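One file, final.txt, carrying compact mmCIF, C-alpha atoms and all ligand atoms:
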# COMPACT_ATOMS: atom_id res chain seq x y z
CA MET A 108 6.32 0.66 -21.01
CA THR A 109 8.34 -2.47 -21.59
CA ASN A 110 8.76 -5.53 -19.43
CA SER A 111 11.18 -4.34 -16.71
CA ASN A 112 12.39 -7.86 -16.09
CA PRO A 113 13.13 -9.76 -19.30
CA SER A 114 13.45 -13.06 -17.37
CA ILE A 115 9.64 -13.11 -17.04
CA LYS A 116 8.02 -14.38 -20.22
CA ARG A 117 4.40 -14.83 -21.18
CA ASN A 118 2.58 -18.15 -20.69
CA ASN A 119 0.85 -18.79 -24.00
CA HIS A 120 -1.77 -21.06 -22.38
CA PHE A 121 -3.24 -18.06 -20.62
CA LYS A 122 -4.45 -15.64 -23.21
CA ASN A 123 -6.87 -13.62 -21.19
CA ILE A 124 -6.76 -12.84 -17.53
CA ALA A 125 -9.19 -11.25 -15.07
CA VAL A 126 -7.79 -9.30 -12.14
CA ILE A 127 -10.44 -8.98 -9.41
CA GLY A 128 -9.89 -5.86 -7.31
CA GLY A 129 -8.60 -2.52 -8.56
CA GLY A 130 -6.82 -1.11 -5.50
CA VAL A 131 -3.07 -0.57 -5.68
CA ILE A 132 -2.43 -4.32 -5.68
CA GLY A 133 -4.89 -5.20 -8.45
CA SER A 134 -3.87 -2.21 -10.57
CA THR A 135 -0.12 -2.85 -10.39
CA THR A 136 -0.76 -6.55 -11.08
CA ALA A 137 -2.97 -5.77 -14.09
CA LEU A 138 -0.34 -3.38 -15.42
CA GLN A 139 2.46 -5.90 -14.96
CA LEU A 140 0.49 -8.59 -16.81
CA ALA A 141 -0.49 -6.24 -19.63
CA THR A 142 3.19 -5.26 -19.94
CA LEU A 143 4.02 -8.94 -20.36
CA GLY A 144 1.57 -9.14 -23.26
CA TYR A 145 -1.50 -10.72 -21.66
CA GLU A 146 -5.02 -9.54 -22.46
CA VAL A 147 -6.17 -8.17 -19.12
CA GLU A 148 -9.52 -7.12 -17.69
CA ILE A 149 -9.64 -5.49 -14.25
CA ILE A 150 -12.91 -5.62 -12.32
CA ASP A 151 -13.86 -3.43 -9.35
CA PRO A 152 -16.91 -1.29 -8.56
CA GLU A 153 -14.55 1.42 -7.22
CA LEU A 154 -12.51 1.82 -10.42
CA ASN A 155 -12.16 5.46 -11.51
CA GLN A 156 -14.63 6.58 -8.83
CA SER A 157 -13.88 9.74 -6.88
CA THR A 158 -13.08 9.11 -3.23
CA ASN A 159 -15.82 9.97 -0.76
CA PHE A 160 -13.92 10.44 2.50
CA SER A 161 -17.08 10.26 4.61
CA LYS A 162 -17.65 6.61 3.59
CA LEU A 163 -15.68 3.58 4.78
CA LEU A 164 -12.77 3.55 2.31
CA THR A 165 -10.79 0.76 0.72
CA GLY A 166 -7.22 0.28 1.93
CA THR A 167 -5.77 2.14 -1.04
CA GLN A 168 -8.16 5.09 -0.80
CA ALA A 169 -7.34 5.50 2.90
CA SER A 170 -3.62 4.94 2.66
CA LEU A 171 -0.93 7.50 3.47
CA GLY A 172 1.51 6.08 0.93
CA VAL A 173 4.49 5.65 3.27
CA LEU A 174 7.22 3.44 1.78
CA MET A 175 9.26 1.94 4.58
CA GLY A 176 11.36 -0.64 2.83
CA ASN A 177 14.73 -0.28 4.48
CA VAL A 178 13.71 0.20 8.10
CA PHE A 179 12.70 -3.34 8.97
CA ARG A 180 14.15 -5.34 11.83
CA ARG A 181 14.60 -8.71 10.13
CA ASN A 182 17.00 -9.10 7.24
CA THR A 183 15.91 -12.51 6.00
CA GLY A 184 12.61 -14.11 4.98
CA ARG A 185 9.85 -13.39 2.50
CA SER A 186 8.87 -10.03 3.95
CA TRP A 187 12.38 -8.63 3.76
CA ALA A 188 12.90 -9.98 0.23
CA LEU A 189 9.63 -8.40 -0.97
CA ARG A 190 10.51 -5.08 0.65
CA GLN A 191 13.92 -4.99 -0.93
CA ARG A 192 12.65 -5.96 -4.36
CA SER A 193 9.92 -3.33 -4.14
CA MET A 194 12.42 -0.64 -3.18
CA GLU A 195 14.40 -1.58 -6.31
CA LEU A 196 11.31 -1.49 -8.49
CA TRP A 197 9.62 1.68 -7.18
CA PRO A 198 11.93 4.27 -8.81
CA LYS A 199 11.55 2.50 -12.18
CA LEU A 200 7.79 2.27 -11.81
CA ILE A 201 7.51 5.93 -10.79
CA SER A 202 9.52 7.12 -13.76
CA LYS A 203 7.33 5.05 -16.07
CA LEU A 204 4.03 6.20 -14.55
CA SER A 205 4.87 9.85 -14.11
CA THR A 206 3.76 12.22 -16.87
CA GLN A 207 3.82 15.98 -17.28
CA THR A 208 0.10 16.25 -16.54
CA SER A 209 0.17 13.70 -13.68
CA PRO A 210 3.59 13.90 -12.03
CA LEU A 211 4.51 11.27 -9.51
CA LYS A 212 7.40 11.43 -7.07
CA LEU A 213 8.90 9.58 -4.14
CA TYR A 214 9.43 12.14 -1.39
CA THR A 215 12.31 11.31 0.95
CA PRO A 216 13.68 10.93 3.62
CA LEU A 217 11.91 9.16 6.44
CA VAL A 218 12.87 9.80 10.05
CA GLN A 219 12.02 7.41 12.86
CA LEU A 220 12.30 8.57 16.46
CA ALA A 221 13.24 6.06 19.17
CA ARG A 222 10.71 5.54 21.95
CA SER A 223 13.18 4.20 24.51
CA GLU A 224 16.84 3.53 25.24
CA HIS A 225 16.31 -0.05 24.09
CA GLU A 226 14.78 1.01 20.78
CA ALA A 227 17.64 3.46 20.24
CA THR A 228 20.13 0.59 20.69
CA LEU A 229 18.26 -1.53 18.13
CA MET A 230 18.23 1.40 15.71
CA ASN A 231 21.98 1.85 16.11
CA GLU A 232 22.52 -1.82 15.26
CA LEU A 233 20.34 -1.43 12.18
CA ILE A 234 22.18 1.70 11.05
CA ILE A 235 25.51 -0.17 11.17
CA LYS A 236 24.11 -3.05 9.08
CA ARG A 237 22.22 -0.87 6.60
CA SER A 238 24.38 2.18 5.94
CA HIS A 239 24.65 0.98 2.31
CA LEU A 240 20.84 1.29 2.09
CA GLY A 241 20.91 4.91 3.26
CA LEU A 242 20.35 4.55 7.01
CA GLU A 243 22.16 7.01 9.26
CA HIS A 244 22.00 8.46 12.76
CA LEU A 245 19.78 11.37 13.49
CA THR A 246 22.23 13.87 14.89
CA ASN A 247 21.86 17.42 16.07
CA HIS A 248 18.37 18.11 14.95
CA SER A 249 18.09 21.80 15.84
CA PRO A 250 14.95 23.61 14.73
CA THR A 251 15.26 27.13 13.38
CA LYS A 252 12.97 29.96 14.37
CA VAL A 253 10.71 29.39 11.38
CA SER A 254 10.40 25.62 11.64
CA ARG A 255 7.73 23.81 13.61
CA LEU A 256 9.01 21.80 16.55
CA TRP A 257 9.24 18.03 16.18
CA PRO A 258 7.81 15.73 18.83
CA LYS A 259 10.24 15.31 21.73
CA ALA A 260 13.10 13.09 20.54
CA LYS A 261 14.64 12.16 23.89
CA TYR A 262 16.38 9.01 22.63
CA GLY A 263 17.40 10.15 19.15
CA GLY A 264 16.48 8.17 16.08
CA LEU A 265 17.43 7.30 12.54
CA ILE A 266 17.19 8.79 9.09
CA SER A 267 16.37 6.51 6.20
CA ASN A 268 17.38 8.45 3.12
CA ASN A 269 15.74 6.18 0.54
CA ASP A 270 12.44 5.55 2.32
CA GLY A 271 9.66 8.11 2.19
CA ARG A 272 6.27 8.66 0.70
CA ILE A 273 4.36 8.57 -2.54
CA ASN A 274 1.00 10.34 -2.77
CA PRO A 275 -1.42 7.40 -3.07
CA LEU A 276 -4.19 9.34 -4.82
CA ASN A 277 -1.76 10.60 -7.49
CA LEU A 278 -0.40 7.09 -7.79
CA MET A 279 -3.86 5.70 -8.54
CA VAL A 280 -4.50 8.41 -11.15
CA CYS A 281 -1.23 7.45 -12.87
CA LEU A 282 -2.00 3.74 -12.65
CA MET A 283 -5.46 4.23 -14.19
CA LYS A 284 -3.89 6.16 -17.10
CA ALA A 285 -1.23 3.49 -17.60
CA LEU A 286 -3.91 0.76 -17.65
CA ASP A 287 -5.66 2.66 -20.45
CA LYS A 288 -2.39 2.99 -22.33
CA TYR A 289 -1.84 -0.77 -22.07
CA LYS A 290 -5.40 -1.48 -23.19
CA VAL A 291 -6.45 -3.10 -19.94
CA SER A 292 -10.27 -3.17 -19.98
CA LYS A 293 -11.92 -1.81 -16.88
CA VAL A 294 -15.18 -3.19 -15.59
CA ASN A 295 -16.91 -1.11 -12.91
CA ARG A 296 -18.66 -4.05 -11.28
CA LYS A 297 -18.39 -6.41 -8.37
CA VAL A 298 -17.69 -10.09 -9.05
CA SER A 299 -20.52 -12.02 -7.35
CA SER A 300 -19.15 -15.51 -7.92
CA LEU A 301 -16.39 -17.47 -9.56
CA GLU A 302 -16.51 -21.07 -10.83
CA ARG A 303 -14.29 -23.49 -12.72
CA LEU A 304 -15.82 -24.76 -15.97
CA PRO A 305 -15.49 -28.49 -16.85
CA SER A 306 -12.64 -29.97 -18.96
CA SER A 307 -14.89 -29.90 -22.02
CA GLN A 308 -14.63 -26.12 -21.77
CA ASN A 309 -10.87 -26.17 -21.11
CA LYS A 310 -11.39 -25.68 -17.36
CA ARG A 311 -11.69 -21.96 -17.92
CA TRP A 312 -13.01 -19.65 -15.21
CA GLN A 313 -16.49 -18.24 -15.24
CA LEU A 314 -17.11 -14.99 -13.39
CA GLN A 315 -20.58 -13.71 -12.66
CA LEU A 316 -20.83 -9.96 -12.12
CA ASP A 317 -23.40 -8.20 -9.92
CA ASN A 318 -25.34 -7.14 -13.04
CA LYS A 319 -25.59 -10.88 -14.02
CA ARG A 320 -23.10 -10.45 -16.85
CA ILE A 321 -20.90 -13.51 -17.36
CA LEU A 322 -17.19 -13.41 -18.26
CA GLN A 323 -14.98 -16.36 -19.13
CA LYS A 324 -11.22 -16.24 -18.61
CA ASP A 325 -8.18 -18.52 -18.82
CA CYS A 326 -6.82 -17.19 -15.60
CA VAL A 327 -7.99 -15.19 -12.58
CA VAL A 328 -5.87 -13.20 -10.13
CA ILE A 329 -7.71 -12.30 -6.92
CA CYS A 330 -6.62 -8.96 -5.40
CA ALA A 331 -9.89 -8.17 -3.62
CA ALA A 332 -8.56 -7.66 -0.06
CA ILE A 333 -11.44 -8.18 2.40
CA GLY A 334 -13.67 -9.37 -0.51
CA SER A 335 -11.32 -12.26 -1.41
CA GLU A 336 -12.54 -14.80 1.16
CA ALA A 337 -16.12 -14.90 -0.17
CA LEU A 338 -14.89 -15.58 -3.72
CA LEU A 339 -12.58 -18.38 -2.61
CA LYS A 340 -14.78 -20.28 -0.17
CA PRO A 341 -17.17 -21.84 -2.74
CA LEU A 342 -14.08 -23.11 -4.62
CA GLY A 343 -12.94 -25.02 -1.52
CA HIS A 344 -10.12 -22.64 -0.64
CA HIS A 345 -10.43 -21.47 2.95
CA TYR A 346 -8.49 -18.32 3.69
CA PRO A 347 -10.20 -16.40 6.49
CA ILE A 348 -9.50 -12.67 6.27
CA GLU A 349 -10.26 -10.30 9.17
CA SER A 350 -11.03 -6.60 9.05
CA VAL A 351 -8.58 -4.17 10.60
CA LEU A 352 -9.71 -0.56 10.45
CA GLY A 353 -7.34 2.36 10.07
CA GLN A 354 -8.18 5.97 10.86
CA ALA A 355 -6.18 8.94 9.62
CA ILE A 356 -6.58 12.68 10.06
CA ARG A 357 -5.52 15.86 8.34
CA LEU A 358 -4.79 18.73 10.72
CA THR A 359 -4.75 22.41 9.81
CA ILE A 360 -2.28 24.40 11.84
CA LYS A 361 -3.55 27.82 12.82
CA SER A 362 -1.35 30.59 11.54
CA ASP A 363 1.80 30.23 13.59
CA PHE A 364 4.06 31.99 11.05
CA LYS A 365 6.17 28.84 10.86
CA ASN A 366 6.78 26.27 8.16
CA TRP A 367 8.01 22.71 7.55
CA SER A 368 11.67 23.59 7.02
CA GLY A 369 13.85 20.86 8.52
CA TRP A 370 11.03 18.30 8.40
CA PRO A 371 11.48 15.03 6.51
CA ALA A 372 8.84 13.68 4.07
CA VAL A 373 7.70 11.32 6.85
CA LEU A 374 8.41 11.50 10.55
CA ILE A 375 7.51 8.42 12.60
CA ASN A 376 6.91 8.85 16.30
CA HIS A 377 5.42 6.14 18.53
CA GLY A 378 4.48 4.20 15.40
CA VAL A 379 2.48 7.16 14.05
CA ASN A 380 3.29 8.66 10.65
CA LEU A 381 3.42 12.47 10.51
CA ILE A 382 3.38 13.81 6.97
CA PRO A 383 3.72 17.56 6.29
CA GLU A 384 1.47 18.83 3.50
CA ASN A 385 1.25 22.27 1.91
CA THR A 386 2.31 25.05 4.27
CA ASN A 387 0.08 24.38 7.22
CA GLN A 388 -1.36 20.88 7.04
CA LEU A 389 -0.26 17.62 8.57
CA LEU A 390 -1.45 14.07 7.84
CA ILE A 391 -1.45 11.74 10.83
CA GLY A 392 -2.05 7.99 10.63
CA ALA A 393 -2.90 5.35 11.01
CA THR A 394 -4.68 3.50 13.79
CA LEU A 395 -4.82 -0.30 13.80
CA GLU A 396 -8.26 -1.35 15.06
CA PRO A 397 -9.38 -4.96 14.75
CA GLY A 398 -13.02 -5.29 13.64
CA ILE A 399 -15.34 -2.87 11.92
CA THR A 400 -16.11 -0.24 14.57
CA THR A 401 -13.97 2.86 14.92
CA SER A 402 -12.80 4.02 18.32
CA ASN A 403 -12.41 7.66 19.33
CA THR A 404 -9.92 6.57 21.98
CA ALA A 405 -7.67 5.06 19.31
CA LEU A 406 -7.81 8.34 17.40
CA THR A 407 -6.97 10.42 20.47
CA THR A 408 -4.11 8.09 21.48
CA MET A 409 -2.69 8.38 17.98
CA ARG A 410 -2.87 12.16 18.00
CA GLU A 411 -1.36 12.49 21.47
CA MET A 412 1.48 10.03 20.75
CA HIS A 413 1.89 9.14 24.43
CA GLY A 414 2.21 12.74 25.51
CA SER A 415 4.97 13.58 23.03
CA SER A 416 2.93 15.68 20.62
CA PRO A 417 4.24 19.25 20.30
CA GLU A 418 2.04 22.10 21.47
CA TRP A 419 1.26 23.46 18.01
CA MET A 420 -0.19 20.07 17.12
CA GLN A 421 -2.52 20.08 20.11
CA PHE A 422 -3.97 23.43 19.04
CA ALA A 423 -4.38 22.48 15.39
CA SER A 424 -7.88 21.76 14.11
CA ILE A 425 -9.03 18.61 12.35
CA GLU A 426 -9.57 19.46 8.69
CA ASN A 427 -10.92 16.02 7.86
CA LYS A 428 -10.61 12.40 8.97
CA TRP A 429 -11.24 9.13 7.27
CA THR A 430 -11.35 5.41 7.87
CA GLY A 431 -10.19 2.59 5.66
CA ILE A 432 -10.56 -1.15 5.91
CA ARG A 433 -7.62 -3.51 5.65
CA GLY A 434 -7.90 -7.28 5.09
CA LYS A 435 -5.64 -9.34 7.35
CA PRO A 436 -5.15 -13.10 6.97
CA SER A 437 -6.39 -14.78 10.18
CA ASN A 438 -4.10 -17.79 10.11
CA GLU A 439 -0.87 -16.76 8.44
CA PRO A 440 1.38 -13.80 7.76
CA ALA A 441 0.25 -11.13 5.31
CA PRO A 442 0.10 -10.94 2.35
CA LEU A 443 -1.50 -14.06 0.83
CA LEU A 444 0.61 -14.86 -2.24
CA LYS A 445 -0.60 -18.23 -3.50
CA ASN A 446 -0.77 -20.11 -6.74
CA LEU A 447 -3.85 -22.13 -5.76
CA GLU A 448 -4.57 -24.21 -8.85
CA GLN A 449 -4.09 -23.88 -12.58
CA GLY A 450 -5.01 -20.31 -13.54
CA LEU A 451 -6.01 -19.17 -10.05
CA ILE A 452 -3.63 -16.87 -8.22
CA LEU A 453 -3.99 -14.91 -4.99
CA ASN A 454 -2.22 -11.59 -4.38
CA THR A 455 -4.26 -10.28 -1.50
CA ALA A 456 -4.73 -9.47 2.21
CA HIS A 457 -2.03 -6.80 2.24
CA TYR A 458 -3.20 -5.48 5.52
CA ARG A 459 -0.18 -3.23 5.97
CA ASN A 460 2.47 -1.94 3.58
CA GLY A 461 0.43 -2.80 0.52
CA ILE A 462 1.57 0.33 -1.28
CA LEU A 463 5.18 -0.48 -0.49
CA LEU A 464 4.93 -4.13 -1.60
CA ALA A 465 2.77 -3.62 -4.70
CA PRO A 466 5.53 -3.76 -7.40
CA ALA A 467 7.28 -6.85 -6.01
CA CYS A 468 3.99 -8.71 -5.57
CA ALA A 469 2.84 -7.82 -9.09
CA GLU A 470 6.16 -9.14 -10.40
CA TRP A 471 5.66 -12.34 -8.39
CA VAL A 472 2.32 -12.95 -10.14
CA GLY A 473 4.07 -12.68 -13.53
CA TYR A 474 6.56 -15.36 -12.45
CA GLU A 475 3.84 -17.67 -11.12
CA LEU A 476 2.02 -17.66 -14.45
CA ILE A 477 4.96 -19.29 -16.20
CA LYS A 478 5.45 -22.04 -13.60
C1 LIG B 501 -5.57 4.48 7.10
C2 LIG B 501 -4.59 3.58 6.37
C3 LIG B 501 -3.31 4.03 6.12
C4 LIG B 501 -2.40 3.21 5.45
N1 LIG B 501 -1.16 3.68 5.17
C5 LIG B 501 -0.29 2.94 4.45
C6 LIG B 501 0.98 3.44 4.10
O1 LIG B 501 1.32 4.57 4.47
N2 LIG B 501 1.81 2.67 3.35
C7 LIG B 501 1.43 1.42 2.91
O2 LIG B 501 2.23 0.76 2.21
N3 LIG B 501 0.24 0.90 3.25
C8 LIG B 501 -0.64 1.64 4.00
N4 LIG B 501 -1.86 1.14 4.32
C9 LIG B 501 -2.18 -0.21 3.90
C10 LIG B 501 -2.51 -0.18 2.41
O3 LIG B 501 -3.47 0.82 2.20
C11 LIG B 501 -3.03 -1.51 1.96
O4 LIG B 501 -2.06 -2.48 2.27
C12 LIG B 501 -3.26 -1.52 0.44
O5 LIG B 501 -3.99 -0.41 0.04
C13 LIG B 501 -3.97 -2.77 0.04
O6 LIG B 501 -4.29 -2.65 -1.31
P1 LIG B 501 -5.27 -3.67 -1.99
O7 LIG B 501 -5.35 -3.31 -3.42
O8 LIG B 501 -4.89 -5.07 -1.61
O9 LIG B 501 -6.65 -3.45 -1.22
P2 LIG B 501 -7.77 -2.36 -1.45
O10 LIG B 501 -7.21 -1.05 -1.73
O11 LIG B 501 -8.68 -2.50 -0.27
O12 LIG B 501 -8.48 -2.84 -2.77
C14 LIG B 501 -9.28 -3.99 -2.84
C15 LIG B 501 -10.30 -3.72 -3.92
O13 LIG B 501 -11.02 -4.92 -4.17
C16 LIG B 501 -12.32 -4.55 -4.54
N5 LIG B 501 -13.19 -5.72 -4.37
C17 LIG B 501 -13.49 -6.39 -3.23
N6 LIG B 501 -14.32 -7.42 -3.52
C18 LIG B 501 -14.53 -7.40 -4.85
C19 LIG B 501 -15.31 -8.20 -5.74
N7 LIG B 501 -16.03 -9.25 -5.31
N8 LIG B 501 -15.33 -7.89 -7.05
C20 LIG B 501 -14.59 -6.83 -7.53
N9 LIG B 501 -13.83 -6.05 -6.73
C21 LIG B 501 -13.81 -6.32 -5.41
C22 LIG B 501 -12.65 -3.39 -3.60
O14 LIG B 501 -13.69 -2.57 -4.13
C23 LIG B 501 -11.31 -2.66 -3.52
O15 LIG B 501 -11.23 -1.57 -4.40
C24 LIG B 501 -2.80 1.92 5.01
C25 LIG B 501 -4.09 1.46 5.26
C26 LIG B 501 -4.99 2.29 5.92
C27 LIG B 501 -6.40 1.79 6.15

Hey, can you dump this file as structure tokens for me?
Amino acid sequence: MTNSNPSIKRNNHFKNIAVIGGGVIGSTTALQLATLGYEVEIIDPELNQSTNFSKLLTGTQASLGVLMGNVFRRNTGRSWALRQRSMELWPKLISKLSTQTSPLKLYTPLVQLARSEHEATLMNELIIKRSHLGLEHLTNHSPTKVSRLWPKAKYGGLISNNDGRINPLNLMVCLMKALDKYKVSKVNRKVSSLERLPSSQNKRWQLQLDNKRILQKDCVVICAAIGSEALLKPLGHHYPIESVLGQAIRLTIKSDFKNWSGWPAVLINHGVNLIPENTNQLLIGATLEPGITTSNTALTTMREMHGSSPEWMQFASIENKWTGIRGKPSNEPAPLLKNLEQGLILNTAHYRNGILLAPACAEWVGYELIK
């Protein structure tokens, strides 16, 4: 893999870099930096571990992988710029990560149903402005005999032809392989503390791992989501990060002799993502629950989608469910992208859309290192 953006060069003052956190954000950042020629070590106790869905998961392990880059109300500002850049970078990244043994694909399109007359009007305005990005009206959706009914779409909706979904577990498998290919060392440990060494030692960074091992680096990029605050506080950088839980479920539809024909890769109804899988499974997610305790009510509300869920969905059984933890900045918009001091960069607290924004944020880190 070569540097996809030749305007980013390497900073020769930073030979070796530690990336703390190996979720989608840390892994894409480590890969980007290795591609630019840095010596990179990625540190995370969860690296290469199989996912245990009965435990509280990290954001990446829990994610549904929906990429919603073009359906966004605002068309200015940092968030919009990151979304657009990521949507440009994703196809290139997918084609570089995908191999015969671990294929990776962006499944499209994404359909969003309007909840009200007002929302339908806003969608129409967006479609006019964004037809060049693949947005169009949802017209004449008529299910065939074999297709499962959609939720009631009283107010219509939009189709976003270039948005969709990437399987996040496959993505992580591909990223881990690419990190090996680029000789990124992986350390299956937690970083317990981080300190700046004195000038006599070139102000390098010293990381202590939970097995007491010490690492010294020229530069550190923190991508530790909810774990970032504790690493930063002793350094005098106060960035409070709150927990926001997300629950998701996989339903199995009892044999109804129907299939997913006519369904998009992602259908969004009342803010809930519905993702068809195999012939008779459906992923539903995700709740947004501040704090660290899950609520059954939130799960039921999500599944019922304000009374619009089709009958077949109500009779489906829950195959499995899981909960992931997101880190949300308490005092400013997500994510935290900060160049804090020489050789200390934050790319963290992606409480939503972290999968979507990963390539653009990894690219941003590469630019910051040469400033
Ligand atoms: C249920 C659910 C569904 C979601 N669906 C989507 C979706 O469809 N599309 C989308 O774009 N986003 C989605 N998100 C959000 C997305 O998952 C997150 O934005 C993204 O995964 C954040 O990635 P991350 O790498 O920053 O964090 P994480 O994946 O949480 O990774 C952080 C890593 O840091 C490690 N770590 C923490 N502290 C330390 C330390 N001291 N030392 C070493 N390592 C440390 C942790 O072990 C962890 O692996 C969803 C989230 C949830 C919960």

Can you tell me, as JSON, numbers by chain, what residues are no more than 12 Å from region 405-417 of chain A when counting all atoms listed in the file, ignoring any on the same chain fewer than 6 positions away?
{"A": [220, 221, 222, 255, 256, 257, 258, 259, 260, 261, 352, 353, 354, 355, 356, 357, 358, 360, 375, 376, 377, 378, 379, 380, 381, 389, 390, 391, 392, 393, 394, 395, 396, 397, 423, 424, 425, 428, 429, 430]}

Neighbours of ligand LIG 501 (chain B) at 6 Å or closer, counting only C-alpha atoms and all ligand atoms: which residues, as a ChimeraX atom specification?
/A:127-133,150-153,165-167,169-174,297-299,330-332,334,352-355,393,430-433,455-463

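Here the question is which of A:Asn177, A:Ser186, A:Asn119, A:Asn155 gets nearest to Asn269 (chain A) using all atoms listed in the file, and that residue is A:Asn177.
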
Looking at all atoms listed in the file, which of A:Val373, A:Val294, A:Val328, A:Leu304 is the one that sits closest to Ile266 (chain A)?
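Distance minimum relative to Ile266 (chain A) lands on A:Val373.
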
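You will find CA of Arg296 (chain A) at 23.2 Å from CA of Pro347 (chain A).
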
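Each of A:Phe121, A:Tyr262, A:Tyr289, A:Phe422 was checked against Ala137 (chain A) using all atoms listed in the file; the smallest atom-to-atom distance is that of A:Tyr289.
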
A:Lys290, A:Lys122, A:His225, A:His244 ranked by distance to Ala141 (chain A), top pick (using all atoms listed in the file):
A:Lys290

Of A:Tyr214, A:Trp197, A:Phe160, A:Tyr346, the one nearest to Asn268 (chain A) when counting only C-alpha atoms is A:Tyr214

Which distance in Å separates CA of Trp471 (chain A) and CA of Gln308 (chain A), to one decimal?
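Answer for the CA of Trp471 (chain A) to CA of Gln308 (chain A) separation: 27.9 Å.
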
Distance of CA of Leu314 (chain A) from CA of Leu138 (chain A), expressed in Å to one decimal place:
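Pair CA of Leu138 (chain A) / CA of Leu314 (chain A) returns 20.5 Å.
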
If we draw a sphere of 10 Å around (5.2, -22.0, -14.1), which residues have at least one atom in it when counting all atoms listed in the file? Please report them as a PyMOL selection string.
chain A and resi 118+446+449+473-478

Just-selected residues, C-alpha atoms written as a PDB file, keeping the file's coordinate frame:
ATOM      1  CA  ASN A 118       2.580 -18.150 -20.690  1.00  0.00           C
ATOM      2  CA  ASN A 446      -0.770 -20.110  -6.740  1.00  0.00           C
ATOM      3  CA  GLN A 449      -4.090 -23.880 -12.580  1.00  0.00           C
ATOM      4  CA  GLY A 473       4.070 -12.680 -13.530  1.00  0.00           C
ATOM      5  CA  TYR A 474       6.560 -15.360 -12.450  1.00  0.00           C
ATOM      6  CA  GLU A 475       3.840 -17.670 -11.120  1.00  0.00           C
ATOM      7  CA  LEU A 476       2.020 -17.660 -14.450  1.00  0.00           C
ATOM      8  CA  ILE A 477       4.960 -19.290 -16.200  1.00  0.00           C
ATOM      9  CA  LYS A 478       5.450 -22.040 -13.600  1.00  0.00           C
TER      10      LYS A 478
END

Considering only C-alpha atoms, can you say which of A:Gln191, A:Glu349, A:Ala469, A:Val178 comes closest to Ser238 (chain A)?
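Checking each of A:Gln191, A:Glu349, A:Ala469, A:Val178 against Ser238 (chain A), counting only C-alpha atoms, the winner is A:Val178.
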
Selection near Ala285 (chain A), 10 Å with all atoms listed in the file, sequence-local residues under 2 positions removed, as a list in words
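These residues fall inside the cut-off: Met108, Ser134, Thr135, Leu138, Ala141, Lys203, Leu204, Ser205, Met279, Val280, Cys281, Leu282, Met283, Asp287, Lys288, Tyr289, Lys290 and Val291 of chain A.
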